[in-house]
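Have a look at structure_6.cif below; it lists mmCIF, C-alpha atoms, pLDDT in the B column; chains and numbers go by the auth columns.
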data_final
loop_
_atom_site.group_PDB
_atom_site.id
_atom_site.type_symbol
_atom_site.label_atom_id
_atom_site.label_comp_id
_atom_site.label_asym_id
_atom_site.label_seq_id
_atom_site.Cartn_x
_atom_site.Cartn_y
_atom_site.Cartn_z
_atom_site.B_iso_or_equiv
_atom_site.auth_seq_id
_atom_site.auth_asym_id
ATOM 1 C CA MET A 1 0.000 0.000 0.000 81.00 1 K
ATOM 2 C CA THR A 2 2.884 2.380 0.760 82.00 2 K
ATOM 3 C CA ILE A 3 4.424 1.779 -2.666 87.00 3 K
ATOM 4 C CA PHE A 4 1.077 2.542 -4.308 89.00 4 K
ATOM 5 C CA ALA A 5 0.696 5.751 -2.283 85.00 5 K
ATOM 6 C CA VAL A 6 4.219 6.903 -3.169 87.00 6 K
ATOM 7 C CA ALA A 7 3.680 6.111 -6.862 90.00 7 K
ATOM 8 C CA LEU A 8 0.410 8.012 -6.780 93.00 8 K
ATOM 9 C CA ALA A 9 1.962 11.072 -5.125 93.00 9 K
ATOM 10 C CA CYS A 10 5.225 11.077 -7.096 95.00 10 K
ATOM 11 C CA VAL A 11 4.118 10.025 -10.572 95.00 11 K
ATOM 12 C CA ILE A 12 0.385 9.963 -11.182 96.00 12 K
ATOM 13 C CA ALA A 13 -0.613 13.135 -9.295 96.00 13 K
ATOM 14 C CA PRO A 14 2.068 15.356 -10.906 97.00 14 K
ATOM 15 C CA LEU A 15 1.170 14.048 -14.359 97.00 15 K
ATOM 16 C CA ALA A 16 -2.567 14.555 -13.898 97.00 16 K
ATOM 17 C CA GLU A 17 -2.278 17.881 -12.086 97.00 17 K
ATOM 18 C CA GLU A 18 0.126 19.412 -14.596 97.00 18 K
ATOM 19 C CA LEU A 19 -2.034 18.338 -17.526 97.00 19 K
ATOM 20 C CA LEU A 20 -5.059 19.853 -15.808 97.00 20 K
ATOM 21 C CA PHE A 21 -3.636 22.998 -14.233 98.00 21 K
ATOM 22 C CA ARG A 22 -0.819 24.118 -16.536 97.00 22 K
ATOM 23 C CA GLY A 23 -1.798 22.349 -19.746 96.00 23 K
ATOM 24 C CA LEU A 24 -5.513 23.043 -19.657 96.00 24 K
ATOM 25 C CA LEU A 25 -6.470 25.748 -17.137 97.00 25 K
ATOM 26 C CA GLN A 26 -3.477 28.068 -17.426 96.00 26 K
ATOM 27 C CA THR A 27 -3.609 27.875 -21.203 94.00 27 K
ATOM 28 C CA MET A 28 -7.356 28.481 -21.129 95.00 28 K
ATOM 29 C CA PHE A 29 -6.925 31.545 -18.880 95.00 29 K
ATOM 30 C CA VAL A 30 -4.196 32.973 -21.143 93.00 30 K
ATOM 31 C CA ARG A 31 -6.520 32.575 -24.123 91.00 31 K
ATOM 32 C CA LEU A 32 -9.478 34.028 -22.251 92.00 32 K
ATOM 33 C CA TYR A 33 -7.511 36.985 -20.900 91.00 33 K
ATOM 34 C CA SER A 34 -5.840 37.504 -24.301 88.00 34 K
ATOM 35 C CA TRP A 35 -9.212 37.561 -26.017 83.00 35 K
ATOM 36 C CA ARG A 36 -10.672 39.943 -23.429 76.00 36 K
ATOM 37 C CA SER A 37 -7.714 42.313 -23.703 71.00 37 K
ATOM 38 C CA GLY A 38 -7.476 42.123 -27.487 68.00 38 K
ATOM 39 C CA HIS A 39 -4.063 40.405 -27.622 53.00 39 K
ATOM 40 C CA SER A 40 -3.190 37.831 -30.251 51.00 40 K
ATOM 41 C CA ALA A 41 -3.218 34.199 -29.168 46.00 41 K
ATOM 42 C CA SER A 42 -1.313 32.194 -31.757 46.00 42 K
ATOM 43 C CA SER A 43 -0.342 28.726 -30.531 41.00 43 K
ATOM 44 C CA VAL A 44 2.496 26.263 -30.764 35.00 44 K
ATOM 45 C CA MET A 45 2.925 23.057 -28.778 38.00 45 K
ATOM 46 C CA ASP A 46 5.734 20.670 -27.912 43.00 46 K
ATOM 47 C CA GLY A 47 5.493 17.908 -30.521 43.00 47 K
ATOM 48 C CA HIS A 48 6.217 15.020 -28.150 43.00 48 K
ATOM 49 C CA LEU A 49 3.255 15.662 -25.871 46.00 49 K
ATOM 50 C CA GLN A 50 0.981 16.804 -28.672 48.00 50 K
ATOM 51 C CA SER A 51 1.435 13.591 -30.636 50.00 51 K
ATOM 52 C CA THR A 52 0.321 11.486 -27.641 51.00 52 K
ATOM 53 C CA LEU A 53 -3.026 13.243 -27.211 52.00 53 K
ATOM 54 C CA PRO A 54 -6.300 12.838 -29.088 54.00 54 K
ATOM 55 C CA LEU A 55 -6.855 15.627 -31.624 55.00 55 K
ATOM 56 C CA GLU A 56 -9.744 17.186 -29.703 53.00 56 K
ATOM 57 C CA TYR A 57 -7.426 17.860 -26.697 55.00 57 K
ATOM 58 C CA GLN A 58 -4.364 19.066 -28.576 53.00 58 K
ATOM 59 C CA SER A 59 -5.520 22.645 -29.215 53.00 59 K
ATOM 60 C CA ALA A 60 -6.692 23.066 -25.612 52.00 60 K
ATOM 61 C CA LEU A 61 -3.216 22.184 -24.329 51.00 61 K
ATOM 62 C CA MET A 62 -1.213 24.380 -26.686 52.00 62 K
ATOM 63 C CA PRO A 63 0.688 27.124 -24.866 49.00 63 K
ATOM 64 C CA ILE A 64 0.153 30.648 -26.108 48.00 64 K
ATOM 65 C CA THR A 65 3.171 32.118 -27.869 49.00 65 K
ATOM 66 C CA SER A 66 2.060 35.713 -28.346 53.00 66 K
ATOM 67 C CA SER A 67 0.390 37.742 -25.606 63.00 67 K
ATOM 68 C CA SER A 68 1.322 40.396 -23.068 85.00 68 K
ATOM 69 C CA ALA A 69 3.258 39.597 -19.898 87.00 69 K
ATOM 70 C CA GLY A 70 0.325 40.919 -17.862 90.00 70 K
ATOM 71 C CA VAL A 71 -2.045 38.448 -19.499 92.00 71 K
ATOM 72 C CA ARG A 72 0.370 35.585 -18.875 93.00 72 K
ATOM 73 C CA TRP A 73 0.927 36.529 -15.226 94.00 73 K
ATOM 74 C CA ALA A 74 -2.823 36.910 -14.660 95.00 74 K
ATOM 75 C CA ALA A 75 -3.273 33.362 -15.967 96.00 75 K
ATOM 76 C CA VAL A 76 -0.405 32.033 -13.827 97.00 76 K
ATOM 77 C CA LEU A 77 -1.783 33.739 -10.688 97.00 77 K
ATOM 78 C CA THR A 78 -5.333 32.520 -11.308 98.00 78 K
ATOM 79 C CA THR A 79 -4.201 28.962 -11.943 98.00 79 K
ATOM 80 C CA ALA A 80 -1.874 28.999 -8.922 98.00 80 K
ATOM 81 C CA ALA A 81 -4.698 30.123 -6.636 98.00 81 K
ATOM 82 C CA ILE A 82 -6.995 27.377 -7.919 98.00 82 K
ATOM 83 C CA PHE A 83 -4.212 24.786 -7.629 98.00 83 K
ATOM 84 C CA ALA A 84 -3.484 25.720 -4.004 97.00 84 K
ATOM 85 C CA ALA A 85 -7.151 25.960 -3.036 97.00 85 K
ATOM 86 C CA ILE A 86 -8.115 22.628 -4.588 96.00 86 K
ATOM 87 C CA HIS A 87 -5.755 20.793 -2.225 94.00 87 K
ATOM 88 C CA GLY A 88 -8.118 21.772 0.598 92.00 88 K
ATOM 89 C CA VAL A 89 -5.701 22.363 3.490 94.00 89 K
ATOM 90 C CA THR A 90 -5.564 26.026 4.480 95.00 90 K
ATOM 91 C CA ALA A 91 -2.128 25.677 6.102 96.00 91 K
ATOM 92 C CA PHE A 92 -0.702 24.316 2.839 94.00 92 K
ATOM 93 C CA PHE A 93 -2.121 27.101 0.670 97.00 93 K
ATOM 94 C CA PRO A 94 0.948 29.421 0.812 97.00 94 K
ATOM 95 C CA PRO A 95 3.603 26.816 -0.128 95.00 95 K
ATOM 96 C CA LEU A 96 1.358 25.251 -2.771 97.00 96 K
ATOM 97 C CA PHE A 97 0.622 28.693 -4.212 98.00 97 K
ATOM 98 C CA VAL A 98 4.360 29.441 -4.446 97.00 98 K
ATOM 99 C CA LEU A 99 4.990 26.018 -6.037 97.00 99 K
ATOM 100 C CA ALA A 100 2.222 26.654 -8.559 98.00 100 K
ATOM 101 C CA LEU A 101 3.595 30.110 -9.377 98.00 101 K
ATOM 102 C CA GLY A 102 6.956 28.535 -10.133 97.00 102 K
ATOM 103 C CA LEU A 103 5.442 25.762 -12.215 98.00 103 K
ATOM 104 C CA GLY A 104 3.289 28.260 -14.110 97.00 104 K
ATOM 105 C CA TYR A 105 6.288 30.462 -14.795 96.00 105 K
ATOM 106 C CA VAL A 106 8.346 27.501 -16.003 96.00 106 K
ATOM 107 C CA TYR A 107 5.516 26.407 -18.281 96.00 107 K
ATOM 108 C CA GLU A 108 5.203 29.901 -19.758 93.00 108 K
ATOM 109 C CA ARG A 109 8.971 30.090 -20.323 94.00 109 K
ATOM 110 C CA THR A 110 9.426 26.598 -21.792 94.00 110 K
ATOM 111 C CA GLY A 111 6.016 25.715 -23.248 93.00 111 K
ATOM 112 C CA ASN A 112 6.846 22.153 -22.206 95.00 112 K
ATOM 113 C CA LEU A 113 4.612 20.272 -19.781 96.00 113 K
ATOM 114 C CA TRP A 114 7.234 17.559 -19.264 97.00 114 K
ATOM 115 C CA VAL A 115 9.439 20.107 -17.487 97.00 115 K
ATOM 116 C CA THR A 116 6.655 21.040 -15.063 97.00 116 K
ATOM 117 C CA ILE A 117 5.613 17.414 -14.593 97.00 117 K
ATOM 118 C CA THR A 118 9.197 16.522 -13.665 97.00 118 K
ATOM 119 C CA ALA A 119 9.564 19.489 -11.297 97.00 119 K
ATOM 120 C CA HIS A 120 6.242 18.674 -9.643 97.00 120 K
ATOM 121 C CA ALA A 121 7.218 15.009 -9.262 97.00 121 K
ATOM 122 C CA LEU A 122 10.542 16.003 -7.690 97.00 122 K
ATOM 123 C CA PHE A 123 8.759 18.362 -5.275 96.00 123 K
ATOM 124 C CA ASN A 124 6.322 15.641 -4.193 95.00 124 K
ATOM 125 C CA THR A 125 9.131 13.097 -3.852 95.00 125 K
ATOM 126 C CA LEU A 126 11.145 15.492 -1.669 95.00 126 K
ATOM 127 C CA GLN A 127 8.103 16.115 0.524 92.00 127 K
ATOM 128 C CA ILE A 128 7.581 12.391 1.033 91.00 128 K
ATOM 129 C CA LEU A 129 11.268 11.819 1.819 91.00 129 K
ATOM 130 C CA LEU A 130 11.212 14.652 4.380 92.00 130 K
ATOM 131 C CA TYR A 131 8.053 13.211 5.924 88.00 131 K
ATOM 132 C CA LEU A 132 9.606 9.741 6.183 86.00 132 K
ATOM 133 C CA ALA A 133 12.882 11.149 7.542 90.00 133 K
ATOM 134 C CA ALA A 134 10.935 12.897 10.288 91.00 134 K
ATOM 135 C CA GLY A 135 9.713 9.470 11.387 81.00 135 K
ATOM 136 C CA ARG A 136 6.025 9.995 10.743 62.00 136 K
#

Go ahead and render the structure in this file as structure tokens.
Amino acid sequence: MTIFAVALACVIAPLAEELLFRGLLQTMFVRLYSWRSGHSASSVMDGHLQSTLPLEYQSALMPITSSSAGVRWAAVLTTAAIFAAIHGVTAFFPPLFVLALGLGYVYERTGNLWVTITAHALFNTLQILLYLAAGR
């Protein structure tokens, strides 16, 4: 059961959460805020991830390549707040919000979900190792 829990926290959760929060929501907010502010929203996506998804999901996960920094940061902040809130523990909101800001920034800079998935997995793994080292 412990192995399953660790695999869930260190592999499955980062994969699912990054696809949902950075790949879908953050991209959606950039497009929404770009549209509302009149900025262009042309799209390009990392070919490795794109080729593994069904066609109907590919355009939703494409990072925006042309919009203002304000639009991008608004999307990162919105997504980070949702990410932290969805975890449901008030005490964990600040560190999760900071983590999500970093992941959102990395996604905007690289346009590559695999980078954020890896960073998220490493964060979760470190948290579990610290928890186990504390003897919990």

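For the residues K:Asn112, K:Thr2, K:Leu103, K:Thr125, ranking by smallest atom-to-atom distance to K:Ala80 using all atoms listed in the file places K:Leu103 first.
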
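The residues returned by the PyMOL selection byres ((chain K and resi 106) around 12) for this structure are K:Glu18, K:Arg22, K:Gly23, K:Gln26, K:Pro63, K:Arg72, K:Trp73, K:Val76, K:Leu99, K:Ala100, K:Leu101, K:Gly102, K:Leu103, K:Gly104, K:Tyr105, K:Tyr107, K:Glu108, K:Arg109, K:Thr110, K:Gly111, K:Asn112, K:Leu113, K:Trp114, K:Val115, K:Thr116, K:Ile117, K:Thr118, K:Ala119, K:His120.
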
(message) Just the number, please: distance in Å from atom CA of K:Gln127 to atom CA of K:Cys10, one decimal.
(response) 9.6 Å

(message) Would you compute the distance between atom CA of K:Leu25 and atom CA of K:Thr79? Give it in Å to one decimal.
(response)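 Between these atoms lies a distance of 6.5 Å.
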
If I wrap all listed atoms of stretch 121-131 of chain K in a box with edges along x, y and z and add 5 Å on each side, what are its centre and edge lengths in Å to one decimal, as JSON?
{"center_x": 8.8, "center_y": 15.1, "center_z": -1.7, "size_x": 14.9, "size_y": 16.5, "size_z": 25.2}

(request) Just say which residues the PyMOL selection byres ((chain K and resi 128) around 12) picks in this file, as a list in words. (result)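 Output of the PyMOL selection byres ((chain K and resi 128) around 12): Thr2, Ile3, Ala5, Val6, Ala7, Leu8, Ala9, Cys10, Ala121, Leu122, Phe123, Asn124, Thr125, Leu126, Gln127, Leu129, Leu130, Tyr131, Leu132, Ala133, Ala134, Gly135 and Arg136 of chain K.
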
For those residues, write C-alpha atoms to a file as an mmCIF file, in the frame of the given file.
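Final output, again-v9.cif:
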data_model
loop_
_atom_site.group_PDB
_atom_site.id
_atom_site.type_symbol
_atom_site.label_atom_id
_atom_site.label_comp_id
_atom_site.auth_asym_id
_atom_site.auth_seq_id
_atom_site.Cartn_x
_atom_site.Cartn_y
_atom_site.Cartn_z
ATOM 1 C CA THR K 2 2.884 2.380 0.760
ATOM 2 C CA ILE K 3 4.424 1.779 -2.666
ATOM 3 C CA ALA K 5 0.696 5.751 -2.283
ATOM 4 C CA VAL K 6 4.219 6.903 -3.169
ATOM 5 C CA ALA K 7 3.680 6.111 -6.862
ATOM 6 C CA LEU K 8 0.410 8.012 -6.780
ATOM 7 C CA ALA K 9 1.962 11.072 -5.125
ATOM 8 C CA CYS K 10 5.225 11.077 -7.096
ATOM 9 C CA ALA K 121 7.218 15.009 -9.262
ATOM 10 C CA LEU K 122 10.542 16.003 -7.690
ATOM 11 C CA PHE K 123 8.759 18.362 -5.275
ATOM 12 C CA ASN K 124 6.322 15.641 -4.193
ATOM 13 C CA THR K 125 9.131 13.097 -3.852
ATOM 14 C CA LEU K 126 11.145 15.492 -1.669
ATOM 15 C CA GLN K 127 8.103 16.115 0.524
ATOM 16 C CA LEU K 129 11.268 11.819 1.819
ATOM 17 C CA LEU K 130 11.212 14.652 4.380
ATOM 18 C CA TYR K 131 8.053 13.211 5.924
ATOM 19 C CA LEU K 132 9.606 9.741 6.183
ATOM 20 C CA ALA K 133 12.882 11.149 7.542
ATOM 21 C CA ALA K 134 10.935 12.897 10.288
ATOM 22 C CA GLY K 135 9.713 9.470 11.387
ATOM 23 C CA ARG K 136 6.025 9.995 10.743
#

(request) Determine the nearest neighbour of K:Ile86 from the options K:Ile12, K:Phe4, K:Leu20, K:Thr27, counting all atoms listed in the file. (result)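 When distances to K:Ile86 are compared using all atoms listed in the file, the smallest one comes from K:Leu20.
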
(request) Would you kindly return, as a PyMOL selection string, each protein, DNA or RNA residue with an atom no farther than 10 Å from any atom of K:Gly70, considering only C-alpha atoms and excluding same-chain residues fewer than 4 positions away? (result) chain K and resi 30+33-34+74-76
